[in-house]
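Enquirer: Here it is, the structure in full.
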Amino acid sequence: MDTKPDDPVQYALPVGEHSLNLNEGLGKRLTLRFTGKIFCQECGDRTRTSYSQGFCFKCSQTLAQADLCIMRPHTCHHHLGTCREPAWGEAHCFAPHTVYLANSSGLKVGITRSHQMLTRWMDQGALEAIPIASVRNRRDSGLIEIALSQHLPDRTNWRHMLSGVEKPVDLKAERDRVYALWQKDFPGEKLENSEPVRFKYPVVQYPSKVVSLNPEKQPDLSGILLGIKGQYLILDSGVLNIRKHGGYEVEAGFETAE
């Protein structure tokens with residue numbers, strides 16, 4: 001889903017050549033019909049299975065953006081001369097990165113390319129986030145993240161994030177606590193004067209029980225759209241992870257709820 005920072009966050013779902021404004025559909029019945037066709041988001045070929053959330057098997061084995069080091073940035077091997085696509089790596093991994101703290105399902109540490117910081121926070125459903133360090137490349141940010149993950153979580157509990165239960169976190173105090181753990185050999189620059197950024201999501205009602213919808217088992221999905229948070233649609237029939245189904249052909253539309 002495409003996101004735009006606002007109060008609340010604005011969401012749009014690309015469907016073919018069109019874009020469906022999801023905020024305007026709150027309270028309406030959303031119908032999603034998955035045709036069973038899956039297309040690689042890189043080469044466009046049809047594939048029976050989506051690998052790495054959007055690629056065919058061939059692209060998943062040859063693209064740098066589908067390599068394991070994308071999920072584990074501290075294992076970046078570009079400097080060893082073994083990157084699948086050196087030019088892509090130089091453009092994407094050797095750009096400024098930010099290490100941050102966020103409160104999505106509770107406190108966590110994370111990293112992102114600096115220019116897409118807000119998008120990254122919205123995509124994970126962060127209630128609030130604060131940058132704590134700036135580094136020159138992805139590997140350096142990953143080295144800091146993996147070291148700090150020994151002391152605090154580095155993942156979001158998506159079920160808790162969608163439960164609507166907010167656990168207040170003093171991000172400035174947590175930043176100071178993290179700085180007390182800061183190792184002298186950490187690369188980059190600490191951002192000691194940064195301020196937290198808070199997000200509000202378009203949710204009118206959170207589910208009493210978080211039930212995941214699976215288009216593989218139920219290709220025709222329908223329900224009243226109760227909210228959007230992170231990359232999840234919250235329907236009265238369950239929740240759907242949109243990012244997980246990148247490349248899936250789908251027909252989507254709203255009808256007024258009775």
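Ligands are numbered from 1 in the order shown, residues from 1 within each chain, and chains are lettered A, B, ... in the order they appear in the structure tokens.
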Residues at most 10 Å from segment 214-231 of chain A, counting only C-alpha atoms, excluding those fewer than 6 positions away in the same chain, as a PyMOL selection string?

Expert: chain A and resi 1-3+9-11+22-23+25-36+104+119-127+158+161-162+164+200-207+237-245+248+250-257

Enquirer: For the strand (DSSP E or B) assignment from backbone DSSP, which residues of segment 71-242 of chain A qualify? Please present them as number ranges by chain.

Expert: A: 97-103, 107-113, 128-135, 189-190, 197-198, 203, 212, 220-229, 232-235, 238-241

Enquirer: For the atom pair atom CA of Tyr179 of chain A and atom CA of His97 of chain A, what is the interatomic distance in Å to one decimal place?

Expert: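 Answer for the atom CA of Tyr179 of chain A to atom CA of His97 of chain A separation: 17.8 Å.
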
Enquirer: I'd like to know which of A:Phe57, A:Phe39, A:Tyr51, A:Phe186 is closest to Val99 of chain A, using only C-alpha atoms.

Expert: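 Distance minimum relative to Val99 of chain A lands on A:Phe186.
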